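Written below as structure tokens is the structure these notes are about.
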Protein chains: 2
Amino acid sequence: MLKIIPLGGMGNVTRNMFAYETQGKVLLVDCGIGFPDENMPGVDLLIPDISYLENKIDQIVGMILTHGHDDHIAGLPYILPRLGDHFPIFGSPLTAAFAESRIREFQINKRISILDYNQSLKLGPFTVNSIRLTHSIPDTRHLVISTPEGNVYHGSDFKIDLTPIDGVKPDLQKIAEFSQKGISVLLSDSLRSEKEGFSLSEQTLSDSFEREIRTARGKFIVTTMSSNVHRIQQAVTVAMSRGRKIAFIGRSIEQNIKDASTLHMFNLPRQGIIDKRDIHRFPDNQLCIIIAGSQGQTGSSLVRAAAEEHDFVKLKAGDKVVFSSDPIPGNETAVYATIDALSLMGIDVVYPDINDNLHVSGHASSGELMLLMELVKPKYLMPIGGTYRHMIQYRKLAVKLGHPEKNVFVLDNGQTLALENPQTAKIGATIQLKNIMVDGYGVGDVGPVVLRDRQAMAKDGIVVVILQLEQKTGKLAGKVELVSRGFVFMKQSQDLFGEAQKLVEEYLFKQSAKADFRNTRDEIAGRLQDFFFHRTNRNPMILPVIIEV
Amino acid sequence: MLKIIPLGGMGNVTRNMFAYETQGKVLLVDCGIGFPDENMPGVDLLIPDISYLENKIDQIVGMILTHGHDDHIAGLPYILPRLGDHFPIFGSPLTAAFAESRIREFQINKRISILDYNQSLKLGPFTVNSIRLTHSIPDTRHLVISTPEGNVYHGSDFKIDLTPIDGVKPDLQKIAEFSQKGISVLLSDSLRSEKEGFSLSEQTLSDSFEREIRTARGKFIVTTMSSNVHRIQQAVTVAMSRGRKIAFIGRSIEQNIKDASTLHMFNLPRQGIIDKRDIHRFPDNQLCIIIAGSQGQTGSSLVRAAAEEHDFVKLKAGDKVVFSSDPIPGNETAVYATIDALSLMGIDVVYPDINDNLHVSGHASSGELMLLMELVKPKYLMPIGGTYRHMIQYRKLAVKLGHPEKNVFVLDNGQTLALENPQTAKIGATIQLKNIMVDGYGVGDVGPVVLRDRQAMAKDGIVVVILQLEQKTGKLAGKVELVSRGFVFMKQSQDLFGEAQKLVEEYLFKQSAKADFRNTRDEIAGRLQDFFFHRTNRNPMILPVIIEV
């Protein structure tokens, strides 16, 4: 039996990682990070939960990376140390370069091998073939994973762009060829299943940049996802044709352009590129700046420039900033704050709300999703890479094409798919998945308790109560100290704290004989909670500390 | 000289309140609340800063409310107690009813007077006339405020809907009539200045509801903004025509429908409405539920129903939930979490991403904004009700119509406009405005320090260090206690805390003679901060507490 096990990313868009398991061997696909939501304050990122693999490490025969986006590769530095070095990792040339860059930052020296396009790759019981697709990053692949139980089409993030910037079109012929061998299960991107029709070609951006640069009186500044090499290429080409010099700003953009140029996947015209330190030497109307920070990320180059805190990029009225990206859900506030800050500086800001030709999605709309279903002709379907509402829309599309609803598996986190033979798939065992959070150097040491405490303190602050109690009698020995943070402004609330102090002292005074200190702690926390809630309608965390004297 | 003073809401969309001041008298327009952003954890709401009015309270001659949305009226219960009871407040009938409901919740018994549509209202040096406009709440007004220095058109939130549900069209004739008397300044809604063309009529929703109810097999559930009386009316009418019984769920919806019905602004067919406690007595396909929670608000009826925690609304597969609203910026995560939860239950969820006929905006698009400019023909313009990017887009529209750019005032928070005579307006004095935050019972007691502490603790938690020091010598007398919350899971970090404890003890041991306790506190906080950052890459708040023994 073949098990298809999503280790992260089902029901979420990010943190993608899949395990294929048969005959005691495991093949992994992708190893991405996820992004914390507003209920995970302070958390830097999320990684897939690989505890299921922990006693199967020797069985891993390899890992394939489908493309170079962080939610498919950036988990490697955290996960690899736990999986060991005994299996090969494969990716297309750009994907391999991006993945090596990621792990090199962590001083991990694993080589990522190049996935040969024209040959099958044999890894234990798995035979892997890759298929060129288009996406918002070049060199994206789909996989056909053949096993004794049947063939699975692993259709990770994609769109069908028939006029891609690099001319490398989706290999529809190869899809059809494998389809003829029979595909049991199609795993498919489902993120834009809500959208009608086909996503627009990346190429439409050239005209948009052309239109915008024509009316730019000062610096022409473009911000986009830093891995969108083709988008950046178009901005560069348009700016060059207007005689502008180009500077790249932002660590990730600079690194990505370097990697892509080395592979001849980016056309870097040497005479047109300037170092960021030389920006001030050119007149504004001869400059084009490609800058990171399109999501309004704190500390990003664009956000620093908008706050007039960037060493090299000095923005001023008359400059034009083009946002060639939509806000990712959850980033809206940050993006619009950046747009407002730039607007306030008198900068001409152009963004999708006022010009909807500035961004095209890298994901397939419903038309392309249905086209892939028709090309692959699977028996079963399993949407991935979307949240539940996207997966359910995907199922509706499949039903429209005549697939029985029961053949479309909309799985919850931790649910697995079991393929017994090419004709028989069903929901398999459920494995327990946890949110593995990375916070600073800590991986997995922030759990539900720590998060709950952070949320509580964020909402109403904390009150620390220090009780010096006689070890033998439990009697109060010294003043009760109350200190608060994030609750009320203490200096203006001395009455409130005076009363609280009295309340604690009176409780302790009434206590007879030696008390159970744990009980004392709970009682005092409860009483103070009630008191403060009654008086302020707030619920600060109460932290009683007993000092035994 | 007439001063136009925005006390809240400039550069933000909400918290609207304007003061008009001339000849030693003050007229107020609107008194709304604002909503905290993600940098204000725990804050319930924001209100306008009225400190500018504090020594002018006797000079207030009246207040006019333009419409019944919370960001225009719900500040009243917080502001009125500080402004006194000596001046009248006016609004259209529905606005007055909504405002009275708001202040009655706070046991304030102020009457809101009805603004007579056919007569001028004289308040000190101000003469106020009102003009019917359309918006996402019925009975919305614009104002013409005439003063010795000139006439101001106060064009608060509006759209121009020529086919409104109640047949009460925008009174374009009256606008033209006042325009002929000469308008010096047009203050105008600018929220949708980015959108081309005209906003769609509210009436288009009936067809959408009709289409959706036709395919609803189980309960038909509609959620929308609870003040959108006309939207609710359309859902009710469609449901009734299909023989479904209607139940209203949610305190705000129930109250609003009651207020609107009393004023005959809502057609409540008695035989079609059922009590929420009777829902279970009807088959699913004979039910229509209008439910609050379209923004995914925590604790709202819809969110509780989606969590299967609502007493009366039991959702199940086959029911259909229609989101007739767009997520307000900042609410996206909550809205989509609700949609995902409902999708997961097998409910048919319909929302603007998959059907863009489910919501129309209540705000004017650029076409309507330009139409109002042409009808009013002002000398000066001042966009309000938008963020900076919207105001700047508004300015572009005005320039397109031939207004000189310098005649369009895009003001920052606290900047005022001074009208010397009908022909001369300029930017006046700047007043200092603060964020006045409401948190629980506290109004204004949460300031920047408390917020900063909350943010810090949300991010990396807190470490409390308790030092018992001899009062005379400053020597350590007892063990150093470390307690943390929201930082790391303490039980798994005993080594870390052991080292930290040692670090503190060693520092104190080296201290000679009597130390300055304040200095000791700062030194220990600094050392622990460095230590924890070095070891964990996190920055918990360090709170040293010295117990003198």
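Convention: chains lettered A, B, ... in structure tokens order; per-chain residue numbering from 1; ligands numbered from 1 as shown.
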
Identify every residue of chain B that has at least one atom within 8 Å of any atom of chain A, counting only C-alpha atoms, and report the result as number ranges by chain.
B: 41-43, 194-195, 329-330, 332-333, 339-341, 343-344, 353-354, 387-389, 392, 439-442, 445-447, 449-455, 457-461, 485-489, 535-538

Give the strand (DSSP E or B) residues of segment 212-428 of chain A, as assigned by DSSP on the backbone, as a ChimeraX atom specification.
/A:220-223,245-249,273,287-291,320-323,348-350,365,380-384,408,415-421,424-428

Please list as a ChimeraX atom specification every residue within 9 Å of Ser51 of chain A, counting only C-alpha atoms and excluding residues in the same chain fewer than 2 positions away.
/A:49,53-55,432-434

Would you mind exporting the chosen residues as a short mmCIF file (atom, residue, chain, number, x, y, z; two decimals), in the first residue's frame, restricted to N, CA and C atoms?
data_model
loop_
_atom_site.label_atom_id
_atom_site.label_comp_id
_atom_site.auth_asym_id
_atom_site.auth_seq_id
_atom_site.Cartn_x
_atom_site.Cartn_y
_atom_site.Cartn_z
N ASP A 49 5.86 19.29 10.95
CA ASP A 49 6.08 18.38 12.06
C ASP A 49 6.54 17.04 11.49
N LEU A 53 8.31 10.84 11.02
CA LEU A 53 9.48 10.25 10.34
C LEU A 53 10.55 9.77 11.30
N GLU A 54 10.37 10.11 12.58
CA GLU A 54 11.51 9.94 13.48
C GLU A 54 12.06 8.51 13.57
N ASN A 55 11.17 7.52 13.53
CA ASN A 55 11.71 6.15 13.54
C ASN A 55 11.76 5.53 12.15
N GLN A 432 -0.87 12.42 14.11
CA GLN A 432 -0.97 13.64 14.92
C GLN A 432 0.10 14.63 14.48
N LEU A 433 -0.34 15.82 14.08
CA LEU A 433 0.61 16.85 13.68
C LEU A 433 0.52 18.02 14.66
N LYS A 434 1.66 18.53 15.03
CA LYS A 434 1.67 19.70 15.91
C LYS A 434 2.18 20.91 15.13
#

May I have the residues within 12 Å of Gly34 of chain B as a CSV table (one decimal) with N, CA and C atoms, in the first residue's frame, using only C-alpha atoms and disregarding those fewer than 2 positions away in the same chain?
chain,number,residue,atom,x,y,z
B,8,GLY,N,-10.8,63.9,14.9
B,8,GLY,CA,-10.5,62.5,14.8
B,8,GLY,C,-10.8,62.1,13.4
B,9,GLY,N,-10.2,61.1,12.9
B,9,GLY,CA,-10.6,60.6,11.6
B,9,GLY,C,-9.8,61.1,10.4
B,10,MET,N,-9.0,62.1,10.5
B,10,MET,CA,-8.2,62.5,9.4
B,10,MET,C,-7.1,61.5,9.2
B,11,GLY,N,-6.9,60.9,8.0
B,11,GLY,CA,-5.9,59.9,7.8
B,11,GLY,C,-6.3,58.5,8.3
B,12,ASN,N,-7.4,58.5,9.1
B,12,ASN,CA,-8.0,57.2,9.4
B,12,ASN,C,-9.4,57.3,8.9
B,13,VAL,N,-10.0,56.1,8.7
B,13,VAL,CA,-11.3,56.1,8.2
B,13,VAL,C,-12.4,56.4,9.2
B,14,THR,N,-12.0,56.0,10.4
B,14,THR,CA,-13.0,56.0,11.5
B,14,THR,C,-12.8,57.1,12.5
B,15,ARG,N,-13.5,57.0,13.7
B,15,ARG,CA,-13.4,58.0,14.8
B,15,ARG,C,-13.7,59.4,14.3
B,16,ASN,N,-14.7,59.6,13.5
B,16,ASN,CA,-15.0,60.8,12.9
B,16,ASN,C,-15.6,61.8,13.9
B,17,MET,N,-15.0,63.0,13.9
B,17,MET,CA,-15.6,64.1,14.7
B,17,MET,C,-14.9,65.4,14.2
B,31,CYS,N,-19.6,62.0,16.1
B,31,CYS,CA,-18.8,61.7,17.4
B,31,CYS,C,-18.7,60.2,17.4
B,32,GLY,N,-17.7,59.7,16.6
B,32,GLY,CA,-17.6,58.3,16.3
B,32,GLY,C,-16.5,57.6,17.1
B,36,PRO,N,-9.0,49.7,17.1
B,36,PRO,CA,-7.5,49.6,17.3
B,36,PRO,C,-6.9,48.7,16.2
B,37,ASP,N,-5.7,49.1,15.9
B,37,ASP,CA,-4.9,48.2,14.9
B,37,ASP,C,-4.1,47.2,15.7
B,40,MET,N,-2.1,47.9,18.9
B,40,MET,CA,-2.8,48.3,20.1
B,40,MET,C,-3.5,47.1,20.8
B,43,VAL,N,-6.7,46.8,23.3
B,43,VAL,CA,-7.5,48.0,23.3
B,43,VAL,C,-8.9,47.7,22.7
B,44,ASP,N,-10.0,48.2,23.3
B,44,ASP,CA,-11.3,47.9,22.8
B,44,ASP,C,-11.7,48.8,21.7
B,45,LEU,N,-11.4,50.1,21.9
B,45,LEU,CA,-11.8,51.0,20.8
B,45,LEU,C,-11.1,52.4,21.1
B,46,LEU,N,-11.2,53.2,20.1
B,46,LEU,CA,-10.6,54.6,20.2
B,46,LEU,C,-11.7,55.6,20.1
B,47,ILE,N,-11.5,56.7,20.7
B,47,ILE,CA,-12.4,57.8,20.6
B,47,ILE,C,-11.7,59.1,20.2
B,48,PRO,N,-12.4,60.1,19.7
B,48,PRO,CA,-11.7,61.3,19.3
B,48,PRO,C,-11.1,62.0,20.6
B,49,ASP,N,-10.0,62.7,20.3
B,49,ASP,CA,-9.4,63.5,21.4
B,49,ASP,C,-10.0,64.9,21.5
B,69,HIS,N,-23.8,55.2,11.6
B,69,HIS,CA,-22.7,54.2,11.8
B,69,HIS,C,-21.9,54.5,13.0
B,70,ASP,N,-21.4,53.4,13.6
B,70,ASP,CA,-20.7,53.6,14.9
B,70,ASP,C,-19.5,54.5,14.8
B,71,ASP,N,-18.8,54.6,13.6
B,71,ASP,CA,-17.7,55.5,13.5
B,71,ASP,C,-18.1,56.9,13.4
B,72,HIS,N,-19.4,57.2,13.5
B,72,HIS,CA,-19.9,58.5,13.5
B,72,HIS,C,-20.8,58.9,14.7
B,73,ILE,N,-21.2,57.8,15.4
B,73,ILE,CA,-22.1,58.1,16.6
B,73,ILE,C,-21.7,57.4,17.9
B,74,ALA,N,-20.9,56.3,17.8
B,74,ALA,CA,-20.7,55.5,19.0
B,74,ALA,C,-19.7,56.1,20.0
B,75,GLY,N,-19.1,57.2,19.7
B,75,GLY,CA,-18.3,57.9,20.7
B,75,GLY,C,-19.1,58.6,21.7
B,385,GLY,N,-12.5,61.1,5.6
B,385,GLY,CA,-13.0,59.7,5.6
B,385,GLY,C,-12.2,58.7,4.9
B,435,ASN,N,-4.0,59.6,20.7
B,435,ASN,CA,-4.9,58.4,20.6
B,435,ASN,C,-5.5,58.2,21.9
B,436,ILE,N,-6.8,58.4,22.0
B,436,ILE,CA,-7.5,58.1,23.3
B,436,ILE,C,-8.1,56.7,23.2
B,437,MET,N,-7.6,55.8,24.0
B,437,MET,CA,-8.0,54.4,23.9
B,437,MET,C,-8.9,54.0,25.0
B,438,VAL,N,-9.9,53.2,24.7
B,438,VAL,CA,-10.8,52.7,25.7
B,438,VAL,C,-10.4,51.2,25.9

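Atom pair atom CA of Glu149 of chain B / atom CA of Leu419 of chain B has a distance of 6.4 Å (rounded to one decimal).
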
When you look at Phe312 of chain B with a cut-off of 9 Å (counting only C-alpha atoms), what residues show up, excluding the ones that are within fewer than 5 positions of it in the same chain? I need them as a PyMOL selection string.
chain B and resi 249+276-280+305

Please extract the residues of segment 258-449 of chain B with a backbone DSSP assignment of helix (DSSP H, G or I) and present them as a PyMOL selection string.
chain B and resi 258-262+270-272+276-281+284-286+301-306+332-344+366-376+388-400+405-407+448-449

Contacts of Glu212 of chain B within 12 Å, only C-alpha atoms, excl. fewer than 2 positions in-chain, as a PyMOL selection string:
chain B and resi 205-210+214-222+235+238-239+242+288+319-324+348-351+355+357-358

B:Val128, B:Lys181, B:Arg244, B:Ala97: which is nearest Thr262 of chain B, counting only C-alpha atoms?
B:Ala97

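Between atom CA of Leu372 of chain A and atom CA of Asn151 of chain A the interatomic distance comes to 15.6 Å.
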
Which residues, written as a PDB file with C-alpha atoms, in the first residue's frame, have at least one atom at most 6 Å from Tyr380 of chain B, with only C-alpha atoms counted and residues fewer than 4 positions away on the same chain left out?
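Just written: selection-v6.pdb:
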ATOM      1  CA  SER B 184     -16.467  77.773  -0.338  1.00  0.00           C
ATOM      2  CA  VAL B 185     -15.269  74.386   0.885  1.00  0.00           C
ATOM      3  CA  ASN B 407      -7.075  74.327  -3.653  1.00  0.00           C
ATOM      4  CA  VAL B 408      -7.355  70.714  -2.495  1.00  0.00           C
TER       5      VAL B 408
END

Nearest to His310 of chain A: which of A:Gly474, A:Gly250, A:Pro164, A:Pro148 is it, counting only C-alpha atoms?
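Smallest separation from His310 of chain A among the options: A:Gly250.
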
What separation in Å, quoted to one decimal, exists between atom CA of Gln233 of chain A and atom CA of Pro170 of chain A?
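Rounded to one decimal, the two atoms are 19.4 Å apart.
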
The residue from A:Leu186, A:Pro138, A:Glu100, A:Gly428 with the smallest atom-to-atom distance to Met1 of chain A, counting only C-alpha atoms, is A:Gly428
